[in-house]
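Chemist: Provided herewith is a single structure, encoded as structure tokens, for subsequent inquiry.
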Amino acid sequence: MAIFFDTHAHLDYPDYANDLAEVVSRAQAVGIGKIISIGTDLESSQRAIQLAEKFQNVYAVIGWHPSNAHEAPADIRSALRSLAGHPKVVALGETGLDYHRLPSENEVAQYKQKQAEIFQQQLEIAVEFGLNCVIHQRDSFDDTVAQLKPFAGKVRGVFHCFGENVERMKQVLEIGSLVSFTGILTFKNGQNVRDTLAATPTDKFMLETDCPYLAPVPYRGKRCEPSYVKEISEIAAQVRKCSLEELSDATCLTAKEFFPKLA
């Protein structure tokens, strides 16, 4: 059985409150060897750590999502420092910029500034602890790359749920960062994402679910879960014209190199 990792899941979400142990077990049964649960604020990050402590194959990423930046205190660095040294915390995030739903016009500048400040603080903590960052960007690609660029050589980012074109993928790789693909690869309208995957170098991408969102075909519209990396990997192997074993070797090695504490 080819082994894969789910490098981006939200296991602390209420969607899994009633059957999380079964969700983790189903993932293991189909060869999903490791799951990384991603924090979206301090409480979510703490829950991710608790899950990593409970399940041997679960790891945590700690950080503050840009869509929640307006709720963040002015400085989250001290709180992140208290969590970042945990042996199963493998990265900072998810962090970045999100301009998809902007407030009223007179509040836009302040909203974007707060996102940028929280992003900057997480990049600084990543440098301090020798970790990389899980990057969220939506309708903010140029600004996200520009803010990450000064950290090139010190912090790498994985642009998760990547849905951009080949040119933008190359921009990400130019600053030493990576991309990660979700169940969108399986969607009928996902040809642009499949084209980008086909053009991405073998050692520059990972696979993820972003569960509970973006369940792949044939589960589209239902709750997503880490076991569905299996369906994502099957389409990815077709796109890459490689075997599942070759895809497993490449993506798992990339994940282990990107997340240095991933045992």
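Going through the structure tokens in order, the chains are called A, B, and so on, while each chain numbers its residues from 1 and the ligands are numbered from 1 in the order shown.
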Tell me, as a CSV table (one decimal) with all heavy atoms, in the first residue's frame, which residues lie within 8 Å of A:Ala2, counting only C-alpha atoms; anything in the same chain fewer than 3 positions away does not count.
Modeler:
```
chain,number,residue,atom,x,y,z
A,31,GLY,N,-3.8,4.0,4.4
A,31,GLY,CA,-2.4,4.3,4.2
A,31,GLY,C,-2.0,5.8,4.4
A,31,GLY,O,-1.0,6.2,3.9
A,244,LEU,N,1.6,5.3,-8.0
A,244,LEU,CA,1.3,5.8,-6.6
A,244,LEU,C,2.5,5.7,-5.7
A,244,LEU,O,2.7,6.5,-4.9
A,244,LEU,CB,0.1,4.9,-6.1
A,244,LEU,CG,-1.3,5.3,-6.6
A,244,LEU,CD1,-2.3,4.3,-6.1
A,244,LEU,CD2,-1.7,6.7,-6.1
A,245,GLU,N,3.3,4.6,-5.9
A,245,GLU,CA,4.5,4.4,-5.1
A,245,GLU,C,5.5,5.6,-5.3
A,245,GLU,O,6.1,6.1,-4.4
A,245,GLU,CB,5.1,3.1,-5.4
A,245,GLU,CG,4.4,1.9,-4.9
A,245,GLU,CD,3.1,1.6,-5.7
A,245,GLU,OE1,3.0,2.1,-6.8
A,245,GLU,OE2,2.2,0.9,-5.1
A,248,SER,N,4.1,8.7,-3.7
A,248,SER,CA,4.2,8.5,-2.3
A,248,SER,C,5.7,8.9,-1.9
A,248,SER,O,5.9,9.7,-0.9
A,248,SER,CB,3.9,7.1,-1.9
A,248,SER,OG,4.3,6.8,-0.5
```
Chemist: Where does DSSP see strand (DSSP E) in stretch 168-213 of chain A, if you list the residues as an NGL selection string?
Modeler: :A and (178-181 or 205-207)
Chemist: Restrict the selected residues to all heavy atoms and save them as a PDB file, in the first residue's frame.
Modeler:
```
ATOM      1  N   LEU A 178       6.983  26.173  -1.418  1.00  0.00           N
ATOM      2  CA  LEU A 178       6.352  25.030  -2.062  1.00  0.00           C
ATOM      3  C   LEU A 178       4.862  25.289  -2.264  1.00  0.00           C
ATOM      4  O   LEU A 178       4.323  26.271  -1.763  1.00  0.00           O
ATOM      5  CB  LEU A 178       6.498  23.781  -1.185  1.00  0.00           C
ATOM      6  CG  LEU A 178       7.874  23.371  -0.690  1.00  0.00           C
ATOM      7  CD1 LEU A 178       7.731  22.175   0.243  1.00  0.00           C
ATOM      8  CD2 LEU A 178       8.769  23.029  -1.863  1.00  0.00           C
ATOM      9  N   VAL A 179       4.208  24.357  -2.956  1.00  0.00           N
ATOM     10  CA  VAL A 179       2.757  24.411  -3.110  1.00  0.00           C
ATOM     11  C   VAL A 179       2.168  23.082  -2.648  1.00  0.00           C
ATOM     12  O   VAL A 179       2.868  22.071  -2.558  1.00  0.00           O
ATOM     13  CB  VAL A 179       2.343  24.709  -4.566  1.00  0.00           C
ATOM     14  CG1 VAL A 179       2.790  26.104  -4.972  1.00  0.00           C
ATOM     15  CG2 VAL A 179       2.896  23.661  -5.527  1.00  0.00           C
ATOM     16  N   SER A 180       0.874  23.100  -2.358  1.00  0.00           N
ATOM     17  CA  SER A 180       0.182  21.891  -1.910  1.00  0.00           C
ATOM     18  C   SER A 180      -1.191  21.841  -2.560  1.00  0.00           C
ATOM     19  O   SER A 180      -1.860  22.869  -2.694  1.00  0.00           O
ATOM     20  CB  SER A 180       0.059  21.891  -0.391  1.00  0.00           C
ATOM     21  OG  SER A 180      -0.510  20.690   0.078  1.00  0.00           O
ATOM     22  N   PHE A 181      -1.604  20.628  -2.940  1.00  0.00           N
ATOM     23  CA  PHE A 181      -2.831  20.455  -3.721  1.00  0.00           C
ATOM     24  C   PHE A 181      -3.870  19.656  -2.947  1.00  0.00           C
ATOM     25  O   PHE A 181      -3.548  18.712  -2.224  1.00  0.00           O
ATOM     26  CB  PHE A 181      -2.512  19.763  -5.042  1.00  0.00           C
ATOM     27  CG  PHE A 181      -1.612  20.555  -5.937  1.00  0.00           C
ATOM     28  CD1 PHE A 181      -0.244  20.308  -5.972  1.00  0.00           C
ATOM     29  CD2 PHE A 181      -2.117  21.573  -6.739  1.00  0.00           C
ATOM     30  CE1 PHE A 181       0.601  21.047  -6.793  1.00  0.00           C
ATOM     31  CE2 PHE A 181      -1.283  22.322  -7.557  1.00  0.00           C
ATOM     32  CZ  PHE A 181       0.079  22.059  -7.594  1.00  0.00           C
ATOM     33  N   PHE A 205       6.030  19.892  -4.213  1.00  0.00           N
ATOM     34  CA  PHE A 205       4.615  19.933  -3.851  1.00  0.00           C
ATOM     35  C   PHE A 205       4.275  18.827  -2.861  1.00  0.00           C
ATOM     36  O   PHE A 205       4.965  17.813  -2.752  1.00  0.00           O
ATOM     37  CB  PHE A 205       3.713  19.835  -5.081  1.00  0.00           C
ATOM     38  CG  PHE A 205       3.686  18.480  -5.742  1.00  0.00           C
ATOM     39  CD1 PHE A 205       2.749  17.519  -5.371  1.00  0.00           C
ATOM     40  CD2 PHE A 205       4.596  18.158  -6.745  1.00  0.00           C
ATOM     41  CE1 PHE A 205       2.722  16.274  -5.977  1.00  0.00           C
ATOM     42  CE2 PHE A 205       4.577  16.916  -7.358  1.00  0.00           C
ATOM     43  CZ  PHE A 205       3.631  15.972  -6.975  1.00  0.00           C
ATOM     44  N   MET A 206       3.176  19.067  -2.140  1.00  0.00           N
ATOM     45  CA  MET A 206       2.627  18.090  -1.210  1.00  0.00           C
ATOM     46  C   MET A 206       1.134  17.924  -1.486  1.00  0.00           C
ATOM     47  O   MET A 206       0.554  18.645  -2.298  1.00  0.00           O
ATOM     48  CB  MET A 206       2.862  18.546   0.231  1.00  0.00           C
ATOM     49  CG  MET A 206       4.333  18.609   0.619  1.00  0.00           C
ATOM     50  SD  MET A 206       4.635  19.067   2.348  1.00  0.00           S
ATOM     51  CE  MET A 206       4.572  20.857   2.258  1.00  0.00           C
ATOM     52  N   LEU A 207       0.530  16.964  -0.796  1.00  0.00           N
ATOM     53  CA  LEU A 207      -0.904  16.718  -0.918  1.00  0.00           C
ATOM     54  C   LEU A 207      -1.579  16.982   0.422  1.00  0.00           C
ATOM     55  O   LEU A 207      -0.978  16.810   1.475  1.00  0.00           O
ATOM     56  CB  LEU A 207      -1.166  15.277  -1.356  1.00  0.00           C
ATOM     57  CG  LEU A 207      -0.556  14.853  -2.697  1.00  0.00           C
ATOM     58  CD1 LEU A 207      -0.868  13.379  -2.967  1.00  0.00           C
ATOM     59  CD2 LEU A 207      -1.045  15.736  -3.843  1.00  0.00           C
TER      60      LEU A 207
END
```
Chemist: Taking the chain letters and numbering used in this document, name the residues of stretch 43-262 of chain A that DSSP puts in helix (DSSP H, G or I), as an NGL selection string.
Modeler: :A and (43-54 or 66-71 or 77-84 or 105-129 or 141-151 or 166-174 or 183-186 or 191-199 or 226-240 or 244-258)
Chemist: Tell me, as a CSV table (one decimal) with N, CA and C atoms, in the first residue's frame, which residues lie within 9 Å of A:Val145, counting only C-alpha atoms; anything in the same chain fewer than 3 positions away does not count.
Modeler:
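This went into out24.csv:
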```csv
chain,number,residue,atom,x,y,z
A,140,SER,N,-5.0,37.6,-2.8
A,140,SER,CA,-3.9,38.4,-2.2
A,140,SER,C,-2.5,37.9,-2.6
A,141,PHE,N,-2.4,37.3,-3.7
A,141,PHE,CA,-1.2,36.5,-4.1
A,141,PHE,C,0.0,37.4,-4.1
A,142,ASP,N,0.0,38.6,-4.8
A,142,ASP,CA,1.1,39.4,-4.9
A,142,ASP,C,1.6,40.0,-3.6
A,148,LEU,N,6.5,37.6,2.1
A,148,LEU,CA,7.3,36.4,2.4
A,148,LEU,C,8.7,36.5,1.9
A,149,LYS,N,8.8,37.2,0.8
A,149,LYS,CA,10.1,37.3,0.0
A,149,LYS,C,11.3,37.7,0.9
A,171,GLN,N,6.6,31.5,-9.3
A,171,GLN,CA,6.9,32.6,-8.4
A,171,GLN,C,7.1,32.1,-7.0
A,172,VAL,N,6.3,31.2,-6.6
A,172,VAL,CA,6.4,30.6,-5.2
A,172,VAL,C,7.7,29.9,-5.1
A,175,ILE,N,11.1,31.8,-4.5
A,175,ILE,CA,11.5,32.3,-3.2
A,175,ILE,C,11.7,31.2,-2.2
```
Chemist: Skipping near chain neighbours, those fewer than 6 positions away, what residues fall within 8 Å of A:His10 using only C-alpha atoms, listed as a list in words?
Modeler: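 Using only C-alpha atoms, the neighbours found are Ser37, Ile38, Gly39, Asp210, Cys211 and Pro212 of chain A.
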Chemist: Could you please determine the separation between atom CA of A:Cys242 and atom CA of A:Phe187 in Å, to one decimal place?
Modeler: 19.9 Å
Chemist: Quick one, how far is atom CA of A:Phe119 from atom CA of A:Leu97?
Modeler: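 Going from atom CA of A:Phe119 over to atom CA of A:Leu97, I get 7.4 Å.
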Chemist: For stretch 75-86 of chain A, list every protein, DNA or RNA residue within 8 Å, evaluated using only C-alpha atoms, and leave out those in the same chain fewer than 3 positions away; present the list as a ChimeraX atom specification.
Modeler: /A:42,46,62-63,72,89,91-92,118,121-122,125,129
Chemist: Rank A:His70, A:Asp203, A:Gly96, A:Ile36 by their smallest atom-to-atom distance to A:Val108, using only C-alpha atoms, and report the top residue only.
Modeler: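 Nearest candidate to A:Val108 out of A:His70, A:Asp203, A:Gly96, A:Ile36: A:His70.
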Chemist: Give me the residues within 9 Å of A:Thr209 as an NGL selection string, counting only C-alpha atoms and dropping any in the same chain fewer than 2 places off.
Modeler: :A and (6-9 or 161 or 181-183 or 207 or 211-216 or 224-229 or 232)
Chemist: So, with only C-alpha atoms as the atoms that count, which of A:Tyr111, A:Asp139, A:Arg223, A:Lys261 lies closest to A:Tyr16?
Modeler: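 Among the listed residues, the smallest separation from A:Tyr16 belongs to A:Arg223.
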Chemist: Could you please determine the separation between atom CA of A:Ser177 and atom CA of A:Val30 in Å, to one decimal place?
Modeler: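 These two atoms are separated by 29.0 Å.
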